[in-house]
file start_35.txt (compact mmCIF, C-alpha atoms)
# COMPACT_ATOMS: atom_id res chain seq x y z
CA MET A 1 28.68 -9.76 43.35
CA ASP A 2 25.28 -8.01 43.29
CA GLN A 3 22.39 -10.23 44.44
CA TYR A 4 18.88 -10.03 42.95
CA ASP A 5 15.59 -11.89 43.33
CA ILE A 6 15.00 -11.86 39.56
CA ILE A 7 17.33 -11.03 36.68
CA ILE A 8 15.86 -10.61 33.21
CA VAL A 9 18.24 -10.73 30.27
CA GLY A 10 16.83 -8.74 27.33
CA GLY A 11 15.47 -5.21 27.46
CA GLY A 12 12.69 -5.69 24.93
CA ALA A 13 8.91 -6.05 25.10
CA ALA A 14 8.87 -9.45 26.88
CA GLY A 15 11.62 -8.48 29.33
CA PHE A 16 10.01 -5.22 30.48
CA PHE A 17 6.52 -6.74 30.67
CA THR A 18 7.83 -9.58 32.85
CA ALA A 19 9.75 -7.23 35.17
CA ILE A 20 6.81 -4.86 35.73
CA ASN A 21 4.33 -7.66 36.44
CA ALA A 22 6.76 -9.49 38.74
CA ALA A 23 7.40 -6.29 40.74
CA GLU A 24 3.67 -5.62 41.10
CA ASN A 25 2.87 -9.21 42.07
CA LYS A 26 5.37 -9.17 44.93
CA PRO A 27 6.46 -5.67 46.00
CA GLY A 28 9.95 -5.31 47.42
CA GLN A 29 11.62 -7.81 45.11
CA LYS A 30 14.99 -6.76 43.74
CA ILE A 31 14.66 -6.97 39.96
CA LEU A 32 17.25 -6.21 37.28
CA ILE A 33 16.95 -5.99 33.49
CA LEU A 34 20.20 -6.51 31.55
CA GLU A 35 20.36 -5.24 27.95
CA ARG A 36 23.35 -5.75 25.64
CA GLY A 37 22.65 -2.65 23.49
CA LYS A 38 22.91 0.96 24.52
CA ASP A 39 19.12 1.42 24.25
CA VAL A 40 16.16 -0.64 25.42
CA LEU A 41 12.86 -1.46 23.66
CA ASN A 42 14.28 -0.93 20.16
CA LYS A 43 11.86 -3.32 18.48
CA VAL A 44 8.92 -1.67 20.22
CA LYS A 45 10.12 1.68 18.86
CA ILE A 46 10.19 0.61 15.19
CA SER A 47 7.23 -1.78 15.22
CA GLY A 48 4.19 -0.87 13.13
CA GLY A 49 6.09 1.85 11.31
CA GLY A 50 6.89 3.61 14.60
CA ARG A 51 3.33 3.32 15.92
CA CYS A 52 3.73 -0.01 17.82
CA ASN A 53 1.20 -2.66 16.82
CA VAL A 54 0.49 -3.70 20.45
CA THR A 55 -1.93 -6.58 19.78
CA HIS A 56 -4.79 -7.71 17.53
CA ALA A 57 -8.55 -7.50 18.12
CA GLU A 58 -9.12 -11.26 18.25
CA PHE A 59 -10.79 -12.25 21.52
CA ILE A 60 -11.32 -16.02 21.14
CA PRO A 61 -8.26 -18.11 22.16
CA ALA A 62 -9.06 -20.89 19.65
CA GLU A 63 -9.07 -18.31 16.83
CA LEU A 64 -6.06 -16.34 18.10
CA VAL A 65 -3.79 -19.41 18.12
CA LYS A 66 -4.43 -19.93 14.40
CA ARG A 67 -2.19 -16.92 13.69
CA TYR A 68 0.90 -18.78 14.96
CA PRO A 69 2.64 -21.08 12.42
CA ARG A 70 4.77 -22.30 15.34
CA GLY A 71 3.25 -22.30 18.86
CA GLU A 72 -0.42 -22.82 17.97
CA LYS A 73 -0.91 -25.84 20.26
CA GLU A 74 1.29 -24.55 23.10
CA LEU A 75 -0.33 -21.09 23.36
CA ARG A 76 -3.90 -22.34 23.65
CA GLY A 77 -3.69 -22.78 27.46
CA PRO A 78 -1.72 -19.54 28.11
CA PHE A 79 -4.21 -17.49 26.04
CA HIS A 80 -7.02 -18.68 28.31
CA ASN A 81 -5.12 -17.00 31.17
CA PHE A 82 -3.91 -13.80 29.50
CA MET A 83 -4.74 -12.56 26.04
CA THR A 84 -6.00 -9.58 24.03
CA GLY A 85 -8.66 -8.28 26.42
CA ASP A 86 -6.22 -8.52 29.33
CA THR A 87 -3.55 -6.67 27.32
CA ILE A 88 -5.98 -3.82 26.53
CA GLU A 89 -6.99 -3.58 30.21
CA TRP A 90 -3.33 -3.72 31.37
CA PHE A 91 -2.36 -0.73 29.24
CA GLU A 92 -5.54 1.24 29.99
CA LYS A 93 -4.93 0.88 33.75
CA ARG A 94 -1.60 2.59 33.15
CA GLY A 95 -3.04 5.43 31.09
CA VAL A 96 -2.41 4.03 27.60
CA GLU A 97 -5.56 3.78 25.51
CA LEU A 98 -5.53 1.49 22.47
CA LYS A 99 -7.60 1.72 19.27
CA ILE A 100 -8.66 -0.90 16.74
CA GLU A 101 -7.96 -0.33 13.06
CA GLU A 102 -10.08 -1.70 10.22
CA ASP A 103 -7.85 -4.77 9.76
CA GLY A 104 -7.96 -5.64 13.49
CA ARG A 105 -4.51 -4.32 14.39
CA MET A 106 -4.37 -2.35 17.65
CA PHE A 107 -2.23 0.73 18.30
CA PRO A 108 -1.98 3.38 21.02
CA VAL A 109 -4.41 6.22 20.18
CA THR A 110 -1.36 8.50 19.99
CA ASP A 111 -0.09 6.51 16.97
CA ASN A 112 3.34 6.71 18.58
CA SER A 113 5.39 3.80 19.92
CA GLN A 114 7.07 6.20 22.36
CA THR A 115 3.80 6.07 24.36
CA ILE A 116 4.42 2.37 25.10
CA ILE A 117 8.12 2.95 25.85
CA ASP A 118 7.29 5.85 28.23
CA CYS A 119 4.69 3.68 29.99
CA PHE A 120 7.21 0.85 30.57
CA GLN A 121 9.98 3.18 31.73
CA LYS A 122 7.68 5.07 34.09
CA GLU A 123 6.47 1.79 35.65
CA CYS A 124 10.07 0.58 36.08
CA LYS A 125 10.99 3.82 37.84
CA ASN A 126 7.96 3.65 40.14
CA LEU A 127 8.64 -0.01 40.99
CA ASN A 128 12.41 0.46 41.50
CA ILE A 129 13.31 -1.97 38.72
CA GLU A 130 16.96 -1.55 37.76
CA VAL A 131 17.92 -1.39 34.08
CA LYS A 132 21.54 -1.77 32.98
CA THR A 133 22.51 -1.31 29.32
CA GLY A 134 25.72 -2.29 27.53
CA GLN A 135 25.61 -5.67 29.33
CA SER A 136 26.42 -8.50 26.93
CA MET A 137 25.93 -11.88 28.65
CA LYS A 138 29.00 -14.12 28.36
CA SER A 139 27.81 -17.07 30.46
CA PHE A 140 25.27 -18.20 33.04
CA SER A 141 25.16 -21.22 35.32
CA GLN A 142 23.26 -22.56 38.30
CA GLN A 143 25.24 -22.92 41.53
CA GLU A 144 23.62 -23.99 44.81
CA ASP A 145 20.13 -22.90 43.77
CA GLN A 146 21.39 -19.53 42.49
CA TRP A 147 22.01 -18.28 38.98
CA ILE A 148 25.42 -16.71 38.30
CA ILE A 149 25.35 -14.39 35.29
CA THR A 150 28.61 -13.08 33.82
CA THR A 151 28.49 -10.12 31.44
CA ASN A 152 31.25 -8.23 29.62
CA THR A 153 31.65 -5.95 32.68
CA GLN A 154 30.67 -7.83 35.87
CA GLN A 155 28.95 -10.75 37.60
CA PHE A 156 25.46 -10.92 39.07
CA LYS A 157 23.62 -13.43 41.23
CA ALA A 158 19.86 -14.18 41.10
CA ASP A 159 17.30 -16.55 42.59
CA LYS A 160 15.42 -16.68 39.30
CA LEU A 161 16.54 -15.99 35.75
CA MET A 162 14.43 -15.01 32.75
CA LEU A 163 15.82 -15.02 29.21
CA ALA A 164 13.91 -12.70 26.87
CA THR A 165 16.68 -12.19 24.34
CA GLY A 166 14.66 -12.70 21.13
CA SER A 167 16.38 -14.24 18.13
CA ASN A 168 19.89 -14.13 19.57
CA PRO A 169 22.09 -16.97 18.21
CA LYS A 170 24.68 -16.44 20.97
CA ILE A 171 22.14 -17.09 23.74
CA TRP A 172 20.72 -20.10 21.87
CA SER A 173 24.26 -21.45 21.62
CA LEU A 174 24.80 -21.04 25.40
CA LEU A 175 21.50 -22.84 26.07
CA GLU A 176 22.45 -25.65 23.69
CA LYS A 177 25.75 -26.17 25.53
CA MET A 178 23.74 -26.50 28.76
CA GLY A 179 21.56 -29.20 27.20
CA HIS A 180 18.51 -27.37 25.81
CA SER A 181 17.41 -28.31 22.28
CA ILE A 182 17.37 -25.44 19.79
CA VAL A 183 15.38 -25.55 16.55
CA ASN A 184 17.64 -23.78 14.05
CA ALA A 185 16.36 -20.35 13.03
CA VAL A 186 15.20 -19.37 9.56
CA PRO A 187 13.62 -16.05 8.51
CA SER A 188 9.85 -15.63 8.70
CA LEU A 189 7.74 -12.66 7.53
CA PHE A 190 9.59 -11.64 4.38
CA THR A 191 8.66 -10.31 0.96
CA PHE A 192 9.36 -11.96 -2.39
CA ASN A 193 11.91 -10.66 -4.90
CA ILE A 194 10.43 -11.07 -8.40
CA LYS A 195 11.85 -9.66 -11.63
CA ASP A 196 9.03 -9.90 -14.16
CA LYS A 197 8.05 -7.48 -16.90
CA ARG A 198 4.35 -8.03 -16.08
CA ILE A 199 4.76 -6.17 -12.76
CA LYS A 200 7.78 -3.99 -13.63
CA ASP A 201 5.83 -0.69 -13.69
CA LEU A 202 3.11 -1.59 -11.18
CA ALA A 203 4.78 -0.66 -7.86
CA GLY A 204 2.13 0.50 -5.38
CA VAL A 205 -0.72 -1.49 -6.97
CA ALA A 206 -2.63 -3.58 -4.40
CA THR A 207 -5.48 -6.06 -4.80
CA GLU A 208 -6.90 -9.25 -3.28
CA ALA A 209 -5.23 -12.42 -4.57
CA GLU A 210 -4.63 -16.12 -3.89
CA VAL A 211 -1.03 -17.32 -3.94
CA LYS A 212 0.27 -20.90 -4.11
CA VAL A 213 3.83 -22.20 -4.08
CA ASN A 214 4.33 -24.70 -6.89
CA GLY A 215 5.12 -28.21 -5.67
CA GLU A 216 4.45 -27.36 -1.99
CA GLN A 217 1.32 -27.58 0.15
CA LEU A 218 1.53 -23.85 0.74
CA GLU A 219 -1.14 -21.34 -0.13
CA SER A 220 -2.42 -18.04 1.17
CA SER A 221 -4.91 -15.31 0.30
CA GLY A 222 -5.47 -11.67 1.13
CA PRO A 223 -4.29 -8.26 -0.04
CA LEU A 224 -1.21 -8.47 -2.29
CA LEU A 225 0.99 -5.42 -2.86
CA ILE A 226 3.26 -5.08 -5.90
CA THR A 227 6.56 -3.38 -4.97
CA HIS A 228 9.69 -2.14 -6.78
CA TRP A 229 11.43 -5.42 -5.91
CA GLY A 230 8.53 -7.87 -6.29
CA MET A 231 5.55 -8.67 -4.08
CA SER A 232 4.52 -7.99 -0.49
CA GLY A 233 1.30 -7.48 1.50
CA PRO A 234 -0.54 -9.85 3.87
CA ALA A 235 -1.01 -12.62 1.26
CA ILE A 236 2.78 -12.87 0.73
CA LEU A 237 3.75 -12.33 4.39
CA LYS A 238 1.37 -15.06 5.58
CA LEU A 239 2.83 -17.43 3.00
CA SER A 240 6.37 -16.61 4.16
CA ALA A 241 5.45 -17.27 7.80
CA TRP A 242 3.66 -20.58 7.24
CA GLY A 243 6.26 -21.72 4.72
CA ALA A 244 9.34 -20.38 6.56
CA ARG A 245 11.11 -23.77 6.67
CA GLU A 246 10.03 -25.05 3.24
CA LEU A 247 11.02 -21.79 1.50
CA SER A 248 14.39 -21.77 3.30
CA ALA A 249 14.99 -25.33 2.05
CA LEU A 250 14.29 -24.07 -1.50
CA ASN A 251 16.91 -21.34 -0.93
CA TYR A 252 14.20 -18.75 -1.73
CA ASN A 253 14.12 -19.79 -5.39
CA PHE A 254 10.73 -21.17 -6.39
CA LYS A 255 7.67 -20.51 -8.52
CA ILE A 256 4.35 -19.14 -7.29
CA ARG A 257 0.97 -19.27 -8.97
CA ILE A 258 -1.23 -16.21 -8.55
CA ASN A 259 -4.98 -16.07 -8.90
CA TRP A 260 -6.00 -12.40 -9.25
CA LEU A 261 -9.66 -13.48 -8.95
CA PRO A 262 -9.89 -15.25 -5.55
CA GLY A 263 -12.49 -17.99 -5.42
CA SER A 264 -12.43 -18.63 -9.16
CA ASP A 265 -10.30 -20.85 -11.39
CA VAL A 266 -9.34 -20.81 -15.08
CA ASN A 267 -12.66 -22.40 -16.16
CA ILE A 268 -14.78 -19.97 -14.15
CA SER A 269 -12.71 -17.02 -15.41
CA LEU A 270 -13.12 -18.24 -18.99
CA GLU A 271 -16.91 -18.36 -18.65
CA GLU A 272 -16.98 -14.87 -17.12
CA LEU A 273 -14.80 -13.52 -19.96
CA LYS A 274 -17.18 -15.02 -22.53
CA ALA A 275 -20.08 -13.28 -20.76
CA ILE A 276 -18.21 -9.94 -20.90
CA LYS A 277 -17.53 -10.54 -24.63
CA ARG A 278 -21.27 -10.99 -25.21
CA SER A 279 -22.19 -7.93 -23.12
CA TYR A 280 -19.60 -5.45 -24.45
CA PRO A 281 -18.67 -6.60 -27.97
CA LYS A 282 -17.73 -3.13 -29.25
CA GLN A 283 -15.63 -2.08 -26.24
CA GLN A 284 -11.83 -2.15 -26.41
CA LEU A 285 -10.30 -4.50 -23.83
CA SER A 286 -7.95 -1.96 -22.28
CA THR A 287 -10.55 0.85 -22.05
CA ARG A 288 -12.24 -0.48 -18.95
CA SER A 289 -10.83 -2.67 -16.18
CA GLN A 290 -12.80 -5.85 -15.43
CA PHE A 291 -13.39 -7.77 -12.16
CA GLU A 292 -12.74 -4.55 -10.17
CA LEU A 293 -9.01 -5.02 -10.74
CA PRO A 294 -6.78 -1.92 -10.59
CA LYS A 295 -6.67 -0.51 -14.14
CA ARG A 296 -2.87 -0.73 -14.50
CA LEU A 297 -2.93 -4.37 -13.40
CA TRP A 298 -5.78 -5.21 -15.82
CA GLN A 299 -3.90 -3.60 -18.73
CA SER A 300 -0.73 -5.50 -17.79
CA ILE A 301 -2.69 -8.81 -17.69
CA VAL A 302 -4.17 -8.09 -21.16
CA THR A 303 -0.64 -7.42 -22.52
CA ALA A 304 0.72 -10.57 -20.82
CA ALA A 305 -1.99 -12.60 -22.59
CA LYS A 306 -0.51 -11.26 -25.87
CA ILE A 307 -3.70 -9.38 -26.77
CA PRO A 308 -3.35 -6.03 -28.62
CA SER A 309 -4.62 -3.24 -26.33
CA ASP A 310 -6.90 -1.77 -29.02
CA LEU A 311 -8.65 -5.09 -29.71
CA LYS A 312 -12.42 -5.12 -29.20
CA TRP A 313 -14.09 -7.84 -27.08
CA ALA A 314 -16.01 -9.12 -30.15
CA ASP A 315 -12.72 -9.86 -31.92
CA LEU A 316 -11.25 -12.07 -29.23
CA ASN A 317 -10.71 -15.65 -30.39
CA LYS A 318 -10.81 -18.84 -28.26
CA GLU A 319 -7.02 -18.96 -27.73
CA GLN A 320 -6.91 -15.33 -26.60
CA LEU A 321 -9.81 -15.84 -24.19
CA LEU A 322 -8.10 -18.90 -22.67
CA SER A 323 -4.75 -17.08 -22.43
CA LEU A 324 -6.48 -14.17 -20.62
CA ALA A 325 -8.25 -16.59 -18.24
CA GLU A 326 -4.92 -18.24 -17.42
CA GLU A 327 -3.19 -14.91 -16.74
CA LEU A 328 -6.08 -13.95 -14.46
CA SER A 329 -6.36 -17.18 -12.45
CA ALA A 330 -3.14 -19.16 -12.84
CA ALA A 331 -0.28 -16.77 -13.57
CA SER A 332 3.16 -18.21 -12.78
CA TYR A 333 5.91 -15.98 -11.34
CA LYS A 334 9.50 -16.89 -10.44
CA VAL A 335 10.68 -15.84 -6.96
CA GLU A 336 14.42 -15.21 -6.74
CA GLY A 337 15.25 -14.28 -3.18
CA LYS A 338 13.58 -12.43 -0.33
CA SER A 339 13.66 -9.06 1.41
CA THR A 340 13.08 -8.26 5.09
CA PHE A 341 9.61 -6.87 5.78
CA LYS A 342 10.31 -3.28 6.92
CA GLU A 343 12.54 -3.46 10.01
CA GLU A 344 10.43 -6.15 11.62
CA PHE A 345 12.79 -9.11 11.35
CA VAL A 346 11.08 -12.22 12.69
CA THR A 347 12.51 -15.74 12.78
CA ALA A 348 11.07 -19.23 12.99
CA GLY A 349 13.21 -21.22 15.40
CA GLY A 350 14.43 -21.16 18.98
CA ILE A 351 14.05 -23.23 22.14
CA ASP A 352 12.26 -26.51 21.46
CA LEU A 353 8.73 -26.09 22.86
CA LYS A 354 8.71 -29.61 24.34
CA GLU A 355 11.24 -28.39 26.91
CA VAL A 356 9.04 -25.58 28.31
CA ASP A 357 6.17 -25.75 30.82
CA PHE A 358 3.56 -23.46 29.24
CA ARG A 359 1.64 -22.98 32.48
CA THR A 360 4.60 -20.98 33.82
CA PHE A 361 6.99 -20.54 30.84
CA GLU A 362 9.65 -22.24 33.00
CA SER A 363 12.32 -24.52 31.57
CA LYS A 364 11.59 -28.21 32.14
CA ASN A 365 15.37 -28.82 32.18
CA PHE A 366 16.39 -26.17 34.69
CA PRO A 367 14.23 -25.01 37.61
CA LYS A 368 13.99 -21.23 38.10
CA LEU A 369 14.90 -20.53 34.45
CA TYR A 370 12.15 -18.84 32.44
CA PHE A 371 11.63 -17.74 28.83
CA ALA A 372 9.35 -15.33 26.97
CA GLY A 373 9.03 -13.92 23.48
CA GLU A 374 10.91 -14.89 20.36
CA ILE A 375 13.67 -16.83 22.14
CA LEU A 376 11.14 -19.69 21.97
CA ASN A 377 10.30 -21.49 18.73
CA ILE A 378 7.11 -19.42 18.45
CA ASP A 379 6.34 -16.91 15.75
CA ALA A 380 3.26 -15.35 14.21
CA ILE A 381 2.00 -13.67 11.10
CA THR A 382 2.11 -9.87 11.01
CA GLY A 383 -0.56 -7.87 12.86
CA GLY A 384 0.40 -7.61 16.56
CA PHE A 385 0.48 -11.34 17.26
CA ASN A 386 4.21 -11.58 18.07
CA PHE A 387 3.77 -8.90 20.74
CA GLN A 388 0.74 -10.73 22.19
CA ASN A 389 2.94 -13.82 22.60
CA ALA A 390 5.48 -11.65 24.46
CA TRP A 391 2.84 -10.14 26.79
CA THR A 392 1.25 -13.53 27.57
CA GLY A 393 4.57 -15.28 28.23
CA GLY A 394 5.87 -12.38 30.31
CA TYR A 395 2.70 -12.17 32.39
CA LEU A 396 2.55 -15.92 33.20
CA ALA A 397 6.29 -16.14 33.91
CA ALA A 398 6.07 -13.11 36.23
CA LYS A 399 3.17 -14.76 38.08
CA ALA A 400 5.17 -17.97 38.50
CA MET A 401 8.35 -16.17 39.60
CA SER A 402 6.50 -14.16 42.22

call {"tool": "encode", "arguments": {"input": "start_35.txt", "output": "structure tokens"}}
result
Amino acid sequence: MDQYDIIIVGGGAAGFFTAINAAENKPGQKILILERGKDVLNKVKISGGGRCNVTHAEFIPAELVKRYPRGEKELRGPFHNFMTGDTIEWFEKRGVELKIEEDGRMFPVTDNSQTIIDCFQKECKNLNIEVKTGQSMKSFSQQEDQWIITTNTQQFKADKLMLATGSNPKIWSLLEKMGHSIVNAVPSLFTFNIKDKRIKDLAGVATEAEVKVNGEQLESSGPLLITHWGMSGPAILKLSAWGARELSALNYNFKIRINWLPGSDVNISLEELKAIKRSYPKQQLSTRSQFELPKRLWQSIVTAAKIPSDLKWADLNKEQLLSLAEELSAASYKVEGKSTFKEEFVTAGGIDLKEVDFRTFESKNFPKLYFAGEILNIDAITGGFNFQNAWTGGYLAAKAMS
């Protein structure tokens, strides 16, 4: 049976980051990464549309934690020890320069996720970290201060064990049998399926909006993108992350209310429409878009308010004005199902955070067992935050293990 100082199960972002930092902290350690698939770093490869959204340009821990629907309280301490600035410096030291985009997301300047993968693999080679693929873990147990790991092909022995297996139900099940509490997983970061004639021909239209889920204390705002299947964009994705459990309980069938004029309400919209009526009495409603809304969306809203497209502003009656104000600031849409956001499948759920020491990311139930990444009940909104959780957890666990 091969003996190692550290074995890391999971050849993804958190696993590689932990291995590299552990090897640098204490040279000469024998470190092994076990990956069940035939390739490593698959999620890194497809993240950010193949560009790898490494982190987000938010440099204040108290602000950064607000991007985590689950894990906000627990990550506050860890982020004071390793966060965005440290991530940027870590990659730059290894020849990978990052850039900040307008929305705060950070990518390698090459715009290619392969840059990150090459960096990790080069570091592993230089530090003599072993990587074995096609290794599906069947069981693990602690015997006389050692971890015995059994895969589909062989057995390994390690002083310390790190699980960085992401949202893997099989590993959660093994942990549960050992006595760890697992919060059941539900999807997070998904788009809404909506069949509605008001948006049927508007795929590709994007604008700022406020979205609320009827009957739930859930609301969000930001850019909203109309798609062939319904709605997406940051406003929808944030709502899906914060409401992951509530929306799962509703079986992804619920109503949302959309305000296409953020910051206003029906009464404010009504007053603004009256002012437009006074200013442009002879203009046809559909000729010119109002409120800087995309023209196709404006025309669709006018039609939805049952107003003839050739009607002039002067001819609008009270009922039509109110109907238009309601379509602008309180339009109701029925959501019937969800779709995965690109290939970036994220779940809410995992190891109960009460059972983890967040100074070291070590299990409180089993000494010398560590976790990092999405195996924990931590998840974030889109924008590089899930990777930052992986880097922070991996870095602090590596420090503790070494």

call {"tool": "closest_residue", "arguments": {"input": "start_35.txt", "among": "A:Gln121, A:Gln217, A:Thr153, A:Asn251", "to": "Gly134 of chain A", "atoms": "all atoms listed in the file"}}
result
A:Thr153

call {"tool": "atom_distance", "arguments": {"input": "start_35.txt", "atom1": "atom CA of Ala305 of chain A", "atom2": "atom CA of Leu202 of chain A"}}
result
16.7 Å

call {"tool": "closest_residue", "arguments": {"input": "start_35.txt", "among": "A:Ala164, A:Leu127, A:Val54, A:Ala400", "to": "Ile8 of chain A", "atoms": "only C-alpha atoms"}}
result
A:Ala164

call {"tool": "closest_residue", "arguments": {"input": "start_35.txt", "among": "A:Ile7, A:Ile226, A:Val211, A:Leu41", "to": "Lys255 of chain A", "atoms": "only C-alpha atoms"}}
result
A:Val211

call {"tool": "atom_distance", "arguments": {"input": "start_35.txt", "atom1": "atom CA of Lys277 of chain A", "atom2": "atom CA of Asn317 of chain A"}}
result
10.3 Å

call {"tool": "axis_aligned_box", "arguments": {"input": "start_35.txt", "around": "segment 272-287 of chain A", "padding_each_side": "8 Å", "output": "JSON"}}
result
{"center_x": -15.1, "center_y": -7.1, "center_z": -23.2, "size_x": 30.2, "size_y": 31.9, "size_z": 28.1}

call {"tool": "residues_around", "arguments": {"input": "start_35.txt", "residues": "Ala372 of chain A", "least_positions_apart": "2", "cutoff": "7 Å", "atoms": "only C-alpha atoms", "output": "PDB file with C-alpha atoms, in the frame of the given file"}}
result
ATOM      1  CA  ALA A  14       8.870  -9.450  26.880  1.00  0.00           C
ATOM      2  CA  LEU A 163      15.820 -15.020  29.210  1.00  0.00           C
ATOM      3  CA  ALA A 164      13.910 -12.700  26.870  1.00  0.00           C
ATOM      4  CA  PHE A 361       6.990 -20.540  30.840  1.00  0.00           C
ATOM      5  CA  GLU A 374      10.910 -14.890  20.360  1.00  0.00           C
ATOM      6  CA  ILE A 375      13.670 -16.830  22.140  1.00  0.00           C
ATOM      7  CA  LEU A 376      11.140 -19.690  21.970  1.00  0.00           C
ATOM      8  CA  ALA A 390       5.480 -11.650  24.460  1.00  0.00           C
ATOM      9  CA  GLY A 393       4.570 -15.280  28.230  1.00  0.00           C
ATOM     10  CA  GLY A 394       5.870 -12.380  30.310  1.00  0.00           C
TER      11      GLY A 394
END

call {"tool": "closest_atom_pairs", "arguments": {"input": "start_35.txt", "of": "segment 144-221 of chain A", "to": "segment 20-36 of chain A", "cutoff": "9 Å", "atoms": "only C-alpha atoms", "output": "Markdown table"}}
result
| residue | atom | partner | partner_atom | distance |
| --- | --- | --- | --- | --- |
| A:Thr151 | CA | A:Arg36 | CA | 8.9 |
| A:Ala158 | CA | A:Ile31 | CA | 9.0 |
| A:Thr165 | CA | A:Glu35 | CA | 8.7 |

call {"tool": "residues_around", "arguments": {"input": "start_35.txt", "residues": "Ala241 of chain A", "least_positions_apart": "6", "cutoff": "10 Å", "atoms": "only C-alpha atoms", "output": "count of residues only"}}
result
16

call {"tool": "residues_around", "arguments": {"input": "start_35.txt", "residues": "Ser221 of chain A", "least_positions_apart": "4", "cutoff": "8 Å", "atoms": "all atoms listed in the file", "output": "VMD selection string"}}
result
chain A and resid 208 to 211 234 to 235 262

call {"tool": "residues_around", "arguments": {"input": "start_35.txt", "residues": "Arg94 of chain A", "least_positions_apart": "5", "cutoff": "10 Å", "atoms": "only C-alpha atoms", "output": "compact mmCIF listing (two decimals) with C-alpha atoms, keeping the file's coordinate frame"}}
result
# COMPACT_ATOMS: atom_id res chain seq x y z
CA GLU A 89 -6.99 -3.58 30.21
CA CYS A 119 4.69 3.68 29.99
CA PHE A 120 7.21 0.85 30.57
CA LYS A 122 7.68 5.07 34.09
CA GLU A 123 6.47 1.79 35.65

call {"tool": "closest_residue", "arguments": {"input": "start_35.txt", "among": "A:Leu64, A:Thr133, A:Leu311, A:Gly350", "to": "Arg76 of chain A", "atoms": "all atoms listed in the file"}}
result
A:Leu64

call {"tool": "closest_residue", "arguments": {"input": "start_35.txt", "among": "A:Lys73, A:Lys38, A:Lys212, A:Lys312", "to": "Val131 of chain A", "atoms": "only C-alpha atoms"}}
result
A:Lys38

call {"tool": "closest_residue", "arguments": {"input": "start_35.txt", "among": "A:Leu328, A:Ser300, A:Trp313, A:Ser220", "to": "Ser279 of chain A", "atoms": "all atoms listed in the file"}}
result
A:Trp313

call {"tool": "atom_distance", "arguments": {"input": "start_35.txt", "atom1": "atom CA of Asp145 of chain A", "atom2": "atom CA of Asn365 of chain A"}}
result
13.9 Å

call {"tool": "decode", "arguments": {"input": "start_35.txt", "residues": "segment 199-210 of chain A", "atoms": "N, CA and C atoms", "output": "PDB file, in the first residue's frame"}}
result
ATOM      1  N   ILE A 199     -42.583  38.007 -24.328  1.00  0.00           N
ATOM      2  CA  ILE A 199     -41.122  37.950 -24.545  1.00  0.00           C
ATOM      3  C   ILE A 199     -40.743  36.960 -25.649  1.00  0.00           C
ATOM      4  N   LYS A 200     -41.759  36.394 -26.305  1.00  0.00           N
ATOM      5  CA  LYS A 200     -41.539  35.313 -27.287  1.00  0.00           C
ATOM      6  C   LYS A 200     -40.491  35.670 -28.347  1.00  0.00           C
ATOM      7  N   ASP A 201     -40.546  36.908 -28.880  1.00  0.00           N
ATOM      8  CA  ASP A 201     -39.623  37.284 -29.960  1.00  0.00           C
ATOM      9  C   ASP A 201     -38.537  38.257 -29.507  1.00  0.00           C
ATOM     10  N   LEU A 202     -38.235  38.238 -28.198  1.00  0.00           N
ATOM     11  CA  LEU A 202     -37.282  39.227 -27.674  1.00  0.00           C
ATOM     12  C   LEU A 202     -35.943  38.622 -27.247  1.00  0.00           C
ATOM     13  N   ALA A 203     -35.647  37.386 -27.674  1.00  0.00           N
ATOM     14  CA  ALA A 203     -34.373  36.753 -27.266  1.00  0.00           C
ATOM     15  C   ALA A 203     -33.200  37.662 -27.605  1.00  0.00           C
ATOM     16  N   GLY A 204     -32.301  37.842 -26.617  1.00  0.00           N
ATOM     17  CA  GLY A 204     -31.118  38.681 -26.830  1.00  0.00           C
ATOM     18  C   GLY A 204     -31.280  40.089 -26.280  1.00  0.00           C
ATOM     19  N   VAL A 205     -32.529  40.477 -25.935  1.00  0.00           N
ATOM     20  CA  VAL A 205     -32.761  41.807 -25.367  1.00  0.00           C
ATOM     21  C   VAL A 205     -32.319  41.808 -23.895  1.00  0.00           C
ATOM     22  N   ALA A 206     -31.563  42.830 -23.504  1.00  0.00           N
ATOM     23  CA  ALA A 206     -31.086  42.926 -22.116  1.00  0.00           C
ATOM     24  C   ALA A 206     -31.330  44.332 -21.586  1.00  0.00           C
ATOM     25  N   THR A 207     -31.727  44.417 -20.327  1.00  0.00           N
ATOM     26  CA  THR A 207     -31.941  45.719 -19.691  1.00  0.00           C
ATOM     27  C   THR A 207     -31.897  45.555 -18.172  1.00  0.00           C
ATOM     28  N   GLU A 208     -31.753  46.669 -17.451  1.00  0.00           N
ATOM     29  CA  GLU A 208     -31.792  46.626 -15.987  1.00  0.00           C
ATOM     30  C   GLU A 208     -33.230  46.362 -15.537  1.00  0.00           C
ATOM     31  N   ALA A 209     -33.403  45.573 -14.491  1.00  0.00           N
ATOM     32  CA  ALA A 209     -34.746  45.280 -13.984  1.00  0.00           C
ATOM     33  C   ALA A 209     -34.684  44.872 -12.522  1.00  0.00           C
ATOM     34  N   GLU A 210     -35.824  44.975 -11.850  1.00  0.00           N
ATOM     35  CA  GLU A 210     -35.998  44.443 -10.493  1.00  0.00           C
ATOM     36  C   GLU A 210     -36.946  43.257 -10.585  1.00  0.00           C
TER      37      GLU A 210
END
